[in-house]
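*Asks:* My structure is stored as data25.cif, with mmCIF, C-alpha atoms and all ligand atoms.
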```cif
data_structure
#
loop_
_atom_site.label_atom_id
_atom_site.label_comp_id
_atom_site.auth_asym_id
_atom_site.auth_seq_id
_atom_site.Cartn_x
_atom_site.Cartn_y
_atom_site.Cartn_z
CA MET T 1 7.86 17.54 -11.97
CA GLU T 2 11.02 17.74 -14.04
CA GLN T 3 12.66 20.26 -11.71
CA ILE T 4 11.98 18.21 -8.58
CA THR T 5 13.20 15.08 -10.37
CA HIS T 6 16.52 16.79 -11.17
CA GLN T 7 16.91 17.88 -7.54
CA TYR T 8 16.45 14.32 -6.30
CA LEU T 9 18.71 12.77 -8.94
CA ASP T 10 21.49 15.20 -7.89
CA ARG T 11 20.89 14.33 -4.26
CA TRP T 12 21.07 10.58 -4.93
CA GLU T 13 24.29 11.00 -6.91
CA LYS T 14 25.84 12.74 -3.90
CA LEU T 15 24.54 10.12 -1.46
CA ALA T 16 25.97 7.34 -3.69
CA THR T 17 24.49 4.53 -1.56
CA PHE T 18 21.06 4.66 0.07
CA ALA T 19 17.71 2.92 0.54
CA TRP T 20 15.67 4.07 -2.44
CA TYR T 21 12.12 3.41 -1.26
CA PRO T 22 12.05 6.04 1.53
CA GLU T 23 13.75 8.50 -0.84
CA LEU T 24 11.12 7.84 -3.51
CA ARG T 25 8.45 8.47 -0.91
CA ASN T 26 9.88 11.92 -0.23
CA TYR T 27 10.20 12.58 -3.95
CA THR T 28 6.58 11.72 -4.78
CA LEU T 29 5.32 13.57 -1.68
CA ASP T 30 7.19 16.73 -2.75
CA ILE T 31 5.69 16.56 -6.24
CA ALA T 32 2.18 15.92 -4.94
CA TYR T 33 2.30 18.83 -2.47
CA LYS T 34 3.83 21.20 -5.00
CA LEU T 35 1.47 20.41 -7.87
CA LEU T 36 -1.70 19.87 -5.90
CA VAL T 37 -1.51 22.56 -3.21
CA GLY T 38 1.54 24.69 -4.13
CA VAL T 39 3.67 23.75 -1.09
CA ASP T 40 7.46 23.32 -1.53
CA CYS T 41 9.65 20.60 0.05
CA ALA T 42 6.80 18.91 1.97
CA SER T 43 9.02 15.94 2.83
CA GLN T 44 11.26 18.14 4.99
CA SER T 45 8.41 18.74 7.42
CA GLN T 46 6.64 16.13 9.53
CA LEU T 47 4.01 15.56 6.82
CA GLY T 48 5.83 12.55 5.34
CA GLU T 49 6.04 10.81 8.71
CA TRP T 50 2.37 11.52 9.49
CA TYR T 51 1.28 10.08 6.12
CA LYS T 52 3.34 6.98 6.76
CA ILE T 53 1.73 6.40 10.16
CA TRP T 54 -1.74 7.08 8.74
CA VAL T 55 -1.20 4.66 5.85
CA ASP T 56 0.19 1.98 8.20
CA GLY T 57 -3.13 2.10 10.03
CA LEU T 58 -5.36 1.79 6.97
CA PHE T 59 -5.51 -2.01 6.95
CA THR T 60 -5.57 -2.81 10.66
CA LEU T 61 -8.12 -3.78 13.31
CA PRO T 62 -10.15 -0.65 14.06
CA ILE T 63 -9.25 -0.42 17.75
CA ASN T 64 -8.66 3.17 18.73
CA LEU T 65 -6.11 3.07 21.56
CA PRO T 66 -2.98 5.23 21.86
CA TRP T 67 -0.62 2.33 21.12
CA THR T 68 -2.51 0.58 18.28
CA ASN T 69 -1.65 1.30 14.62
CA PHE T 70 -5.25 2.35 14.12
CA GLY T 71 -5.17 4.82 17.05
CA LYS T 72 -1.86 6.29 15.87
CA ALA T 73 -3.25 6.58 12.33
CA LEU T 74 -6.33 8.48 13.51
CA ARG T 75 -4.17 10.94 15.40
CA CYS T 76 -1.95 11.53 12.36
CA ARG T 77 -5.01 11.97 10.15
CA LYS T 78 -6.13 14.79 12.46
CA LEU T 79 -2.69 16.40 12.31
CA LEU T 80 -2.68 16.15 8.50
CA LEU T 81 -6.15 17.69 8.26
CA ALA T 82 -5.08 20.56 10.54
CA GLU T 83 -2.06 21.19 8.31
CA ILE T 84 -4.26 21.12 5.19
CA GLU T 85 -6.65 23.59 6.84
CA LYS T 86 -3.71 25.97 7.37
CA ILE T 87 -2.79 25.69 3.67
CA VAL T 88 -6.39 26.37 2.58
CA ARG T 89 -6.78 29.36 4.92
CA GLN T 90 -3.46 30.87 3.86
CA ARG T 91 -4.51 30.57 0.22
CA GLN T 92 -7.87 32.17 0.91
CA GLU T 93 -6.14 35.07 2.69
CA THR T 94 -3.57 35.80 -0.05
CA GLY T 95 -6.31 36.27 -2.65
CA ASN T 96 -3.78 35.52 -5.43
CA SER T 97 -4.72 32.97 -8.02
CA TYR T 98 -2.56 29.86 -8.55
CA GLN T 99 -2.53 27.09 -11.12
CA ASP T 100 -3.01 24.03 -8.98
CA VAL T 101 -5.65 21.61 -7.78
CA LEU T 102 -6.37 23.58 -4.60
CA GLU T 103 -7.28 26.56 -6.76
CA LEU T 104 -9.59 24.43 -8.92
CA LEU T 105 -11.31 23.05 -5.83
CA LEU T 106 -11.69 26.52 -4.29
CA GLN T 107 -13.30 27.80 -7.48
CA ALA T 108 -15.48 24.74 -8.17
CA GLU T 109 -19.24 25.33 -8.05
CA ASP T 110 -22.15 22.95 -8.45
CA GLU T 111 -25.22 23.65 -10.63
CA GLU T 112 -26.62 25.95 -7.96
CA GLY T 113 -23.42 27.94 -7.53
CA LYS T 114 -22.59 26.22 -4.22
CA ARG T 115 -18.91 25.78 -3.33
CA LEU T 116 -17.21 23.04 -1.27
CA SER T 117 -17.29 23.57 2.50
CA LEU T 118 -14.00 23.73 4.39
CA ASN T 119 -14.48 20.16 5.65
CA GLU T 120 -15.24 18.84 2.17
CA LEU T 121 -12.18 20.63 0.80
CA LYS T 122 -9.95 19.20 3.51
CA ASP T 123 -11.25 15.69 2.95
CA GLN T 124 -10.79 15.88 -0.84
CA LEU T 125 -7.27 17.25 -0.46
CA LEU T 126 -6.24 14.61 2.07
CA THR T 127 -7.38 11.88 -0.35
CA LEU T 128 -5.68 13.46 -3.34
CA LEU T 129 -2.40 14.05 -1.53
CA PHE T 130 -2.40 10.47 -0.27
CA ALA T 131 -3.45 8.91 -3.60
CA GLY T 132 -1.00 11.21 -5.35
CA HIS T 133 2.10 9.79 -3.70
CA GLU T 134 1.63 6.39 -2.04
CA THR T 135 0.87 4.41 -5.21
CA LEU T 136 3.47 6.23 -7.28
CA THR T 137 6.19 5.42 -4.74
CA SER T 138 5.40 1.73 -5.12
CA ALA T 139 5.34 1.91 -8.93
CA LEU T 140 8.66 3.75 -9.11
CA ALA T 141 10.38 1.38 -6.67
CA SER T 142 9.17 -1.60 -8.76
CA LEU T 143 10.43 0.12 -11.92
CA CYS T 144 13.92 0.64 -10.45
CA LEU T 145 14.07 -2.96 -9.21
CA LEU T 146 12.76 -4.61 -12.39
CA LEU T 147 15.06 -2.58 -14.63
CA VAL T 148 18.18 -3.52 -12.71
CA GLN T 149 17.06 -7.16 -12.64
CA ASN T 150 16.43 -7.15 -16.41
CA PRO T 151 19.56 -5.63 -18.02
CA GLU T 152 18.37 -6.25 -21.62
CA VAL T 153 15.21 -4.24 -21.00
CA LEU T 154 17.25 -1.51 -19.30
CA ALA T 155 19.64 -1.38 -22.29
CA THR T 156 16.78 -1.10 -24.80
CA ALA T 157 15.08 1.62 -22.77
CA ARG T 158 18.36 3.49 -22.44
CA SER T 159 19.05 3.23 -26.13
CA GLU T 160 15.62 4.74 -26.89
CA GLN T 161 16.60 7.75 -24.75
CA GLN T 162 19.95 8.00 -26.54
CA GLN T 163 18.23 8.00 -29.92
CA LEU T 164 15.94 10.82 -28.79
CA GLY T 165 18.96 12.75 -27.47
CA VAL T 166 19.92 12.61 -23.80
CA ASP T 167 20.47 16.36 -23.60
CA THR T 168 17.27 17.35 -25.40
CA PRO T 169 14.92 19.01 -22.90
CA LEU T 170 11.79 16.99 -22.19
CA ASN T 171 8.67 18.19 -23.95
CA ALA T 172 5.25 16.84 -24.90
CA GLU T 173 6.57 15.75 -28.29
CA ASN T 174 9.59 13.67 -27.23
CA LEU T 175 7.71 12.21 -24.25
CA LYS T 176 5.18 10.88 -26.75
CA GLN T 177 7.97 9.28 -28.78
CA MET T 178 9.18 7.16 -25.82
CA THR T 179 7.07 4.22 -26.89
CA TYR T 180 9.34 1.48 -25.54
CA LEU T 181 9.48 3.23 -22.17
CA GLU T 182 5.68 3.32 -22.19
CA GLN T 183 5.64 -0.46 -22.66
CA VAL T 184 8.11 -0.87 -19.79
CA LEU T 185 6.02 1.26 -17.42
CA LYS T 186 2.89 -0.56 -18.43
CA GLU T 187 4.55 -3.92 -17.79
CA VAL T 188 5.83 -2.79 -14.36
CA MET T 189 2.28 -1.96 -13.28
CA ARG T 190 0.94 -5.21 -14.76
CA LEU T 191 3.42 -7.35 -12.85
CA VAL T 192 3.41 -5.38 -9.58
CA PRO T 193 0.19 -3.37 -9.49
CA PRO T 194 0.39 -0.74 -6.72
CA VAL T 195 -3.31 -1.18 -5.89
CA GLY T 196 -4.45 -4.75 -5.22
CA GLY T 197 -8.12 -4.28 -5.99
CA GLY T 198 -11.26 -2.30 -5.39
CA PHE T 199 -14.87 -2.67 -4.37
CA ARG T 200 -18.05 -2.21 -6.36
CA GLU T 201 -21.58 -2.32 -5.02
CA VAL T 202 -24.00 -4.52 -6.94
CA ILE T 203 -26.75 -2.13 -8.05
CA GLN T 204 -28.85 -4.75 -9.74
CA PRO T 205 -28.90 -8.54 -9.21
CA CYS T 206 -26.80 -10.41 -11.79
CA GLU T 207 -25.27 -13.76 -12.77
CA PHE T 208 -21.53 -14.35 -13.01
CA ASN T 209 -20.04 -17.72 -14.00
CA GLY T 210 -23.26 -19.44 -12.93
CA PHE T 211 -23.40 -17.67 -9.54
CA HIS T 212 -26.23 -15.39 -8.55
CA ILE T 213 -25.02 -12.09 -7.06
CA PRO T 214 -27.73 -10.24 -5.10
CA GLN T 215 -28.30 -6.52 -5.19
CA GLY T 216 -26.51 -4.59 -2.44
CA TRP T 217 -23.55 -6.98 -2.18
CA SER T 218 -20.03 -5.67 -2.31
CA VAL T 219 -17.81 -7.34 -4.88
CA LEU T 220 -14.03 -7.12 -5.00
CA TYR T 221 -12.18 -6.85 -8.29
CA GLN T 222 -8.61 -8.12 -8.04
CA VAL T 223 -6.03 -6.33 -10.12
CA GLY T 224 -3.17 -8.77 -9.50
CA LYS T 225 -5.26 -11.85 -10.41
CA THR T 226 -6.52 -10.17 -13.60
CA HIS T 227 -2.97 -9.29 -14.62
CA LYS T 228 -1.82 -12.90 -14.14
CA ASP T 229 -4.68 -14.40 -16.15
CA GLU T 230 -3.17 -16.96 -18.53
CA SER T 231 -6.07 -16.61 -20.94
CA VAL T 232 -4.94 -13.00 -21.46
CA TYR T 233 -1.18 -12.90 -20.93
CA ASN T 234 1.55 -15.20 -22.29
CA HIS T 235 3.75 -16.41 -19.41
CA PRO T 236 2.19 -13.88 -17.06
CA GLU T 237 4.96 -14.28 -14.45
CA ALA T 238 7.62 -13.02 -16.90
CA PHE T 239 8.68 -9.36 -17.10
CA ASP T 240 8.20 -8.81 -20.82
CA PRO T 241 7.48 -5.25 -21.99
CA GLU T 242 7.21 -6.53 -25.58
CA ARG T 243 3.80 -8.00 -24.71
CA PHE T 244 2.47 -4.46 -25.06
CA SER T 245 4.09 -3.82 -28.46
CA PRO T 246 1.58 -2.90 -31.20
CA GLN T 247 2.17 -6.35 -32.79
CA ARG T 248 1.35 -8.34 -29.65
CA ALA T 249 -0.92 -5.97 -27.66
CA GLU T 250 -1.89 -8.83 -25.32
CA ASP T 251 -4.25 -6.67 -23.27
CA LYS T 252 -6.36 -5.53 -26.20
CA PRO T 253 -8.58 -8.50 -27.20
CA LYS T 254 -10.45 -8.69 -23.86
CA PRO T 255 -11.81 -5.52 -22.24
CA PHE T 256 -10.65 -4.76 -18.67
CA SER T 257 -7.60 -7.06 -18.97
CA TYR T 258 -5.26 -4.28 -17.86
CA ILE T 259 -6.56 -2.43 -14.82
CA PRO T 260 -3.80 -0.93 -12.61
CA PHE T 261 -5.89 2.25 -12.47
CA GLY T 262 -9.22 0.45 -12.04
CA GLY T 263 -11.90 0.94 -14.66
CA GLY T 264 -15.21 2.51 -15.57
CA VAL T 265 -16.49 5.85 -14.34
CA ARG T 266 -14.57 5.59 -11.06
CA GLU T 267 -11.24 4.91 -12.77
CA CYS T 268 -8.26 6.61 -11.10
CA LEU T 269 -8.58 10.37 -11.30
CA GLY T 270 -4.79 10.82 -11.27
CA LYS T 271 -3.99 8.34 -14.04
CA GLU T 272 -2.45 10.86 -16.45
CA PHE T 273 -0.65 12.66 -13.62
CA ALA T 274 0.84 9.33 -12.53
CA LYS T 275 1.83 8.25 -16.04
CA LEU T 276 3.52 11.57 -16.69
CA GLU T 277 5.46 11.55 -13.43
CA MET T 278 6.64 7.98 -14.04
CA LYS T 279 7.76 8.81 -17.55
CA ILE T 280 9.68 11.95 -16.56
CA PHE T 281 11.36 10.10 -13.69
CA ALA T 282 12.29 7.11 -15.86
CA ALA T 283 13.51 9.18 -18.82
CA LEU T 284 15.86 11.33 -16.71
CA LEU T 285 17.09 8.33 -14.77
CA LEU T 286 17.84 6.29 -17.90
CA ARG T 287 19.52 9.21 -19.65
CA HIS T 288 22.16 9.92 -17.04
CA TYR T 289 22.35 7.36 -14.25
CA HIS T 290 23.39 3.85 -13.40
CA TRP T 291 22.43 1.91 -10.26
CA GLU T 292 23.20 -1.46 -8.70
CA LEU T 293 21.58 -3.46 -5.92
CA LEU T 294 23.64 -3.63 -2.75
CA PRO T 295 24.32 -7.20 -1.58
CA GLU T 296 22.70 -8.92 1.39
CA GLN T 297 19.30 -7.32 1.30
CA ASN T 298 15.83 -8.81 1.32
CA LEU T 299 14.08 -7.98 -1.95
CA GLU T 300 10.87 -9.81 -1.08
CA MET T 301 7.83 -7.63 -1.49
CA ILE T 302 5.68 -6.55 1.43
CA MET T 303 2.23 -6.17 -0.15
CA VAL T 304 0.44 -3.92 2.37
CA PRO T 305 -0.46 -1.08 2.05
CA THR T 306 1.27 -1.02 -1.38
CA PRO T 307 3.98 -3.38 -2.65
CA HIS T 308 7.51 -2.43 -1.58
CA PRO T 309 10.79 -4.31 -1.06
CA GLN T 310 11.32 -5.51 2.50
CA ASP T 311 14.65 -3.73 3.09
CA GLY T 312 13.74 -0.54 1.23
CA LEU T 313 15.71 -1.26 -1.98
CA LYS T 314 19.31 -0.48 -1.10
CA VAL T 315 21.34 0.68 -4.10
CA SER T 316 24.55 2.31 -5.19
CA PHE T 317 23.90 5.16 -7.60
CA HIS T 318 26.24 6.90 -10.06
CA LYS T 319 26.22 9.29 -12.97
CA LEU T 320 26.99 7.69 -16.33
CA SER T 321 30.21 8.97 -17.85
CA SER T 322 29.31 10.90 -21.00
C1 LIG P 401 0.78 4.58 -10.22
C2 LIG P 401 -0.04 5.40 -9.61
C3 LIG P 401 -1.50 5.16 -9.32
C4 LIG P 401 -2.21 3.98 -9.32
C5 LIG P 401 -1.72 2.57 -9.66
C6 LIG P 401 -3.58 4.31 -8.95
C7 LIG P 401 -4.61 3.39 -8.86
C8 LIG P 401 -5.91 3.71 -8.55
C9 LIG P 401 -7.01 2.77 -8.50
C10 LIG P 401 -6.89 1.27 -8.78
C11 LIG P 401 -8.12 3.44 -8.15
C12 LIG P 401 -9.53 2.87 -7.99
C13 LIG P 401 -10.25 3.01 -9.30
C14 LIG P 401 -11.51 2.21 -9.41
O1 LIG P 401 -12.13 1.86 -8.39
O2 LIG P 401 -11.90 1.89 -10.56
C15 LIG P 401 -7.75 4.84 -7.98
C16 LIG P 401 -8.62 5.84 -7.62
C17 LIG P 401 -8.24 7.14 -7.42
N1 LIG P 401 -7.00 7.69 -7.62
FE1 LIG P 401 -5.37 6.71 -8.25
N2 LIG P 401 -3.66 5.66 -8.73
C18 LIG P 401 -2.42 6.22 -8.94
C19 LIG P 401 -2.09 7.55 -8.83
C20 LIG P 401 -2.94 8.56 -8.47
C21 LIG P 401 -2.58 9.96 -8.39
C22 LIG P 401 -1.21 10.52 -8.77
C23 LIG P 401 -3.70 10.63 -7.97
C24 LIG P 401 -3.90 12.10 -7.73
C25 LIG P 401 -3.14 13.05 -8.16
C26 LIG P 401 -4.75 9.65 -7.79
C27 LIG P 401 -6.03 9.94 -7.37
C28 LIG P 401 -7.06 9.02 -7.30
C29 LIG P 401 -8.41 9.34 -6.86
C30 LIG P 401 -8.90 10.72 -6.41
C31 LIG P 401 -9.15 8.17 -6.96
C32 LIG P 401 -10.63 7.98 -6.63
C33 LIG P 401 -11.44 8.19 -7.91
C34 LIG P 401 -12.93 8.00 -7.72
O3 LIG P 401 -13.35 7.28 -6.80
O4 LIG P 401 -13.70 8.57 -8.52
N3 LIG P 401 -4.26 8.41 -8.10
N4 LIG P 401 -6.39 4.97 -8.23
#
```
In structure tokens, how does this file's structure come out?

*Replies:*
Amino acid sequence: MEQITHQYLDRWEKLATFAWYPELRNYTLDIAYKLLVGVDCASQSQLGEWYKIWVDGLFTLPINLPWTNFGKALRCRKLLLAEIEKIVRQRQETGNSYQDVLELLLQAEDEEGKRLSLNELKDQLLTLLFAGHETLTSALASLCLLLVQNPEVLATARSEQQQLGVDTPLNAENLKQMTYLEQVLKEVMRLVPPVGGGFREVIQPCEFNGFHIPQGWSVLYQVGKTHKDESVYNHPEAFDPERFSPQRAEDKPKPFSYIPFGGGVRECLGKEFAKLEMKIFAALLLRHYHWELLPEQNLEMIMVPTPHPQDGLKVSFHKLSS
């Protein structure tokens, strides 16, 4: 993760002005493909474009015609699955062992020693590769925007990095010491949660706030609404990382008050992966770089499929003088 982050930071310094959101998409896609299936520079192939078209068709009317978003999405899904099949077959042919998720899935056995079929493998990998980059792109874009809009928070986060030593290599120990940065990341995902909500099936009839909910119904939990609940958060509309300081810990009194990764047994499988990637990205960015919003751009958020600024977050980007 660190190596790919350095490559992108160097690239952005050279570009100097650019739209950050599409760049962040390539960055998170490259990390997901490298760490999950061992493929380098995925964004330089057509994979990125196919994912984008597939995702754009996720929340549309399911009419499968060549010109509808849904039809285009289905075609790209097929192309992605074919590409994933190639990766799986190549891996099976090499016979070498790798340290990535594909290897874990290839080796996984159930209680009877049965392994995943090729179709199951492909389906799992498609989900992981999608979940592993789409949400993170949104979270990172919100982080970059909120930091530049809140210079005091940016200064405090930068000063934490300076205290830890901007040239000290990242390791498990100093990542753990970035407690203010943790609060910032947590607050970014409270205010602009990448996933709007999720469904649960009612497995036994129950009462909620005086309403009877029958068995078999689907209920939707809303992340954004939960995170703006005034009975939990002080001035929920404000960007205030201090709300997660040990003294205030606003999310602690009530269970399930902070749910960007969902909750319960089906909580996000990639939560730690995501938190680590966000922290590495933010730490290296804060240590060495400065960015400003370019004028005359629309910063309003488009909420579907995941929140992102309308004009792609156009910035100028420079290295800090040491
Ligand atoms: C900021 C980044 C991320 C956010 C906000 C996020 C959010 C979520 C949410 C809300 C759910 C539904 C959980 C539930 O229903 O309780 C979920 C599920 C899932 N996520 Fe993530 N996710 C992120 C990153 C990732 C990454 C990096 C991966 C993989 C490497 C990943 C893989 C998954 C998978 C496989 C599930 C389905 C889990 C299951 O149904 O058992 N996610 N995620």

*Asks:* Would you list the contacts of stretch 40-48 of chain T as a list of chain:residue names, taking every protein, DNA or RNA residue within 9 Å and counting all atoms listed in the file, but skipping same-chain residues closer than 5 positions in sequence?

*Replies:*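 In the requested form, the answer reads T:Arg25, T:Asn26, T:Tyr27, T:Leu29, T:Asp30, T:Ile31, T:Ala32, T:Tyr33, T:Lys34, T:Ile53, T:Leu79, T:Leu80, T:Glu83.
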
*Asks:* Which of these, T:Asn234, T:Thr28, T:Asn150, T:Asn69, has the shortest distance to ligand LIG 401 (chain P) once you count all atoms listed in the file?

*Replies:*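 So, comparing all the options, the nearest one is T:Thr28.
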
*Asks:* Check which residues fall inside 6 Å of ligand LIG 401 (chain P) when counting only C-alpha atoms and all ligand atoms, and print them as a short mmCIF file (atom, residue, chain, number, x, y, z; two decimals) with C-alpha atoms, in the coordinates of the input.

*Replies:*
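The resulting part-v8.cif:
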```cif
data_model
loop_
_atom_site.label_atom_id
_atom_site.label_comp_id
_atom_site.auth_asym_id
_atom_site.auth_seq_id
_atom_site.Cartn_x
_atom_site.Cartn_y
_atom_site.Cartn_z
CA LEU T 128 -5.68 13.46 -3.34
CA ALA T 131 -3.45 8.91 -3.60
CA GLY T 132 -1.00 11.21 -5.35
CA THR T 135 0.87 4.41 -5.21
CA LEU T 136 3.47 6.23 -7.28
CA ALA T 139 5.34 1.91 -8.93
CA PRO T 194 0.39 -0.74 -6.72
CA VAL T 195 -3.31 -1.18 -5.89
CA GLY T 198 -11.26 -2.30 -5.39
CA PRO T 260 -3.80 -0.93 -12.61
CA PHE T 261 -5.89 2.25 -12.47
CA GLY T 262 -9.22 0.45 -12.04
CA GLY T 263 -11.90 0.94 -14.66
CA ARG T 266 -14.57 5.59 -11.06
CA GLU T 267 -11.24 4.91 -12.77
CA CYS T 268 -8.26 6.61 -11.10
CA LEU T 269 -8.58 10.37 -11.30
CA GLY T 270 -4.79 10.82 -11.27
CA LYS T 271 -3.99 8.34 -14.04
CA PHE T 273 -0.65 12.66 -13.62
CA ALA T 274 0.84 9.33 -12.53
#
```

*Asks:* Excluding stretch 249-253 of chain T and any residue of its chain fewer than 4 positions from it, enumerate the residues within 8 Å of it, using only C-alpha atoms, and give them as a PyMOL selection string.

*Replies:* chain T and resi 232-234+243-245+257-258

*Asks:* Using the selection just defined, write its residues with C-alpha atoms as a PDB file, keeping the file's coordinate frame.

*Replies:*
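As written to disk, result00.pdb reads:
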```
ATOM      1  CA  VAL T 232      -4.940 -13.000 -21.460  1.00  0.00           C
ATOM      2  CA  TYR T 233      -1.180 -12.900 -20.930  1.00  0.00           C
ATOM      3  CA  ASN T 234       1.550 -15.200 -22.290  1.00  0.00           C
ATOM      4  CA  ARG T 243       3.800  -8.000 -24.710  1.00  0.00           C
ATOM      5  CA  PHE T 244       2.470  -4.460 -25.060  1.00  0.00           C
ATOM      6  CA  SER T 245       4.090  -3.820 -28.460  1.00  0.00           C
ATOM      7  CA  SER T 257      -7.600  -7.060 -18.970  1.00  0.00           C
ATOM      8  CA  TYR T 258      -5.260  -4.280 -17.860  1.00  0.00           C
TER       9      TYR T 258
END
```

*Asks:* I want to know what sits within 6 Å of stretch 216-224 of chain T, based on only C-alpha atoms, with residues of the same chain fewer than 5 positions away left out; could you give that as a list in words?

*Replies:*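 The residues satisfying every condition are Gly196, Gly197, Gly198, Phe199, Arg200, Glu201 and Val202 of chain T.
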
*Asks:* Taking into account all atoms listed in the file, which residue in the set T:Leu294, T:Leu191, T:Leu105, T:Val265 is nearest to T:Arg91?

*Replies:*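 So, comparing all the options, the nearest one is T:Leu105.
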
*Asks:* With the input short on atoms, add all heavy atoms back to stretch 167-173 of chain T and write it as an mmCIF file, keeping the file's coordinate frame.

*Replies:*
```cif
data_model
loop_
_atom_site.group_PDB
_atom_site.id
_atom_site.type_symbol
_atom_site.label_atom_id
_atom_site.label_comp_id
_atom_site.auth_asym_id
_atom_site.auth_seq_id
_atom_site.Cartn_x
_atom_site.Cartn_y
_atom_site.Cartn_z
ATOM 1 N N ASP T 167 20.420 14.979 -24.101
ATOM 2 C CA ASP T 167 20.470 16.360 -23.600
ATOM 3 C C ASP T 167 19.317 17.211 -24.112
ATOM 4 O O ASP T 167 19.238 18.398 -23.817
ATOM 5 C CB ASP T 167 21.819 16.989 -23.969
ATOM 6 C CG ASP T 167 22.951 16.276 -23.250
ATOM 7 O OD1 ASP T 167 22.781 15.992 -22.041
ATOM 8 O OD2 ASP T 167 23.963 15.947 -23.896
ATOM 9 N N THR T 168 18.428 16.594 -24.900
ATOM 10 C CA THR T 168 17.270 17.350 -25.400
ATOM 11 C C THR T 168 16.295 17.568 -24.242
ATOM 12 O O THR T 168 15.931 16.598 -23.559
ATOM 13 C CB THR T 168 16.520 16.523 -26.475
ATOM 14 O OG1 THR T 168 17.479 15.851 -27.259
ATOM 15 C CG2 THR T 168 15.614 17.367 -27.320
ATOM 16 N N PRO T 169 15.887 18.813 -23.991
ATOM 17 C CA PRO T 169 14.920 19.010 -22.900
ATOM 18 C C PRO T 169 13.641 18.200 -23.137
ATOM 19 O O PRO T 169 13.255 17.996 -24.292
ATOM 20 C CB PRO T 169 14.623 20.518 -22.953
ATOM 21 C CG PRO T 169 15.686 21.122 -23.790
ATOM 22 C CD PRO T 169 16.220 20.048 -24.696
ATOM 23 N N LEU T 170 13.037 17.762 -22.043
ATOM 24 C CA LEU T 170 11.790 16.990 -22.190
ATOM 25 C C LEU T 170 10.676 17.922 -22.647
ATOM 26 O O LEU T 170 10.582 19.066 -22.198
ATOM 27 C CB LEU T 170 11.413 16.376 -20.847
ATOM 28 C CG LEU T 170 12.341 15.295 -20.295
ATOM 29 C CD1 LEU T 170 11.862 14.832 -18.933
ATOM 30 C CD2 LEU T 170 12.439 14.119 -21.254
ATOM 31 N N ASN T 171 9.859 17.426 -23.547
ATOM 32 C CA ASN T 171 8.670 18.190 -23.950
ATOM 33 C C ASN T 171 7.586 17.196 -24.365
ATOM 34 O O ASN T 171 7.834 15.982 -24.460
ATOM 35 C CB ASN T 171 8.994 19.172 -25.084
ATOM 36 C CG ASN T 171 9.608 18.465 -26.273
ATOM 37 O OD1 ASN T 171 9.171 17.386 -26.663
ATOM 38 N ND2 ASN T 171 10.635 19.067 -26.854
ATOM 39 N N ALA T 172 6.390 17.720 -24.608
ATOM 40 C CA ALA T 172 5.250 16.840 -24.900
ATOM 41 C C ALA T 172 5.564 15.939 -26.092
ATOM 42 O O ALA T 172 5.175 14.764 -26.122
ATOM 43 C CB ALA T 172 4.003 17.674 -25.165
ATOM 44 N N GLU T 173 6.303 16.492 -27.062
ATOM 45 C CA GLU T 173 6.570 15.750 -28.290
ATOM 46 C C GLU T 173 7.496 14.555 -28.042
ATOM 47 O O GLU T 173 7.170 13.421 -28.379
ATOM 48 C CB GLU T 173 7.194 16.731 -29.321
ATOM 49 C CG GLU T 173 7.079 16.292 -30.754
ATOM 50 C CD GLU T 173 5.713 15.675 -31.105
ATOM 51 O OE1 GLU T 173 4.651 16.294 -30.860
ATOM 52 O OE2 GLU T 173 5.750 14.533 -31.588
#
```
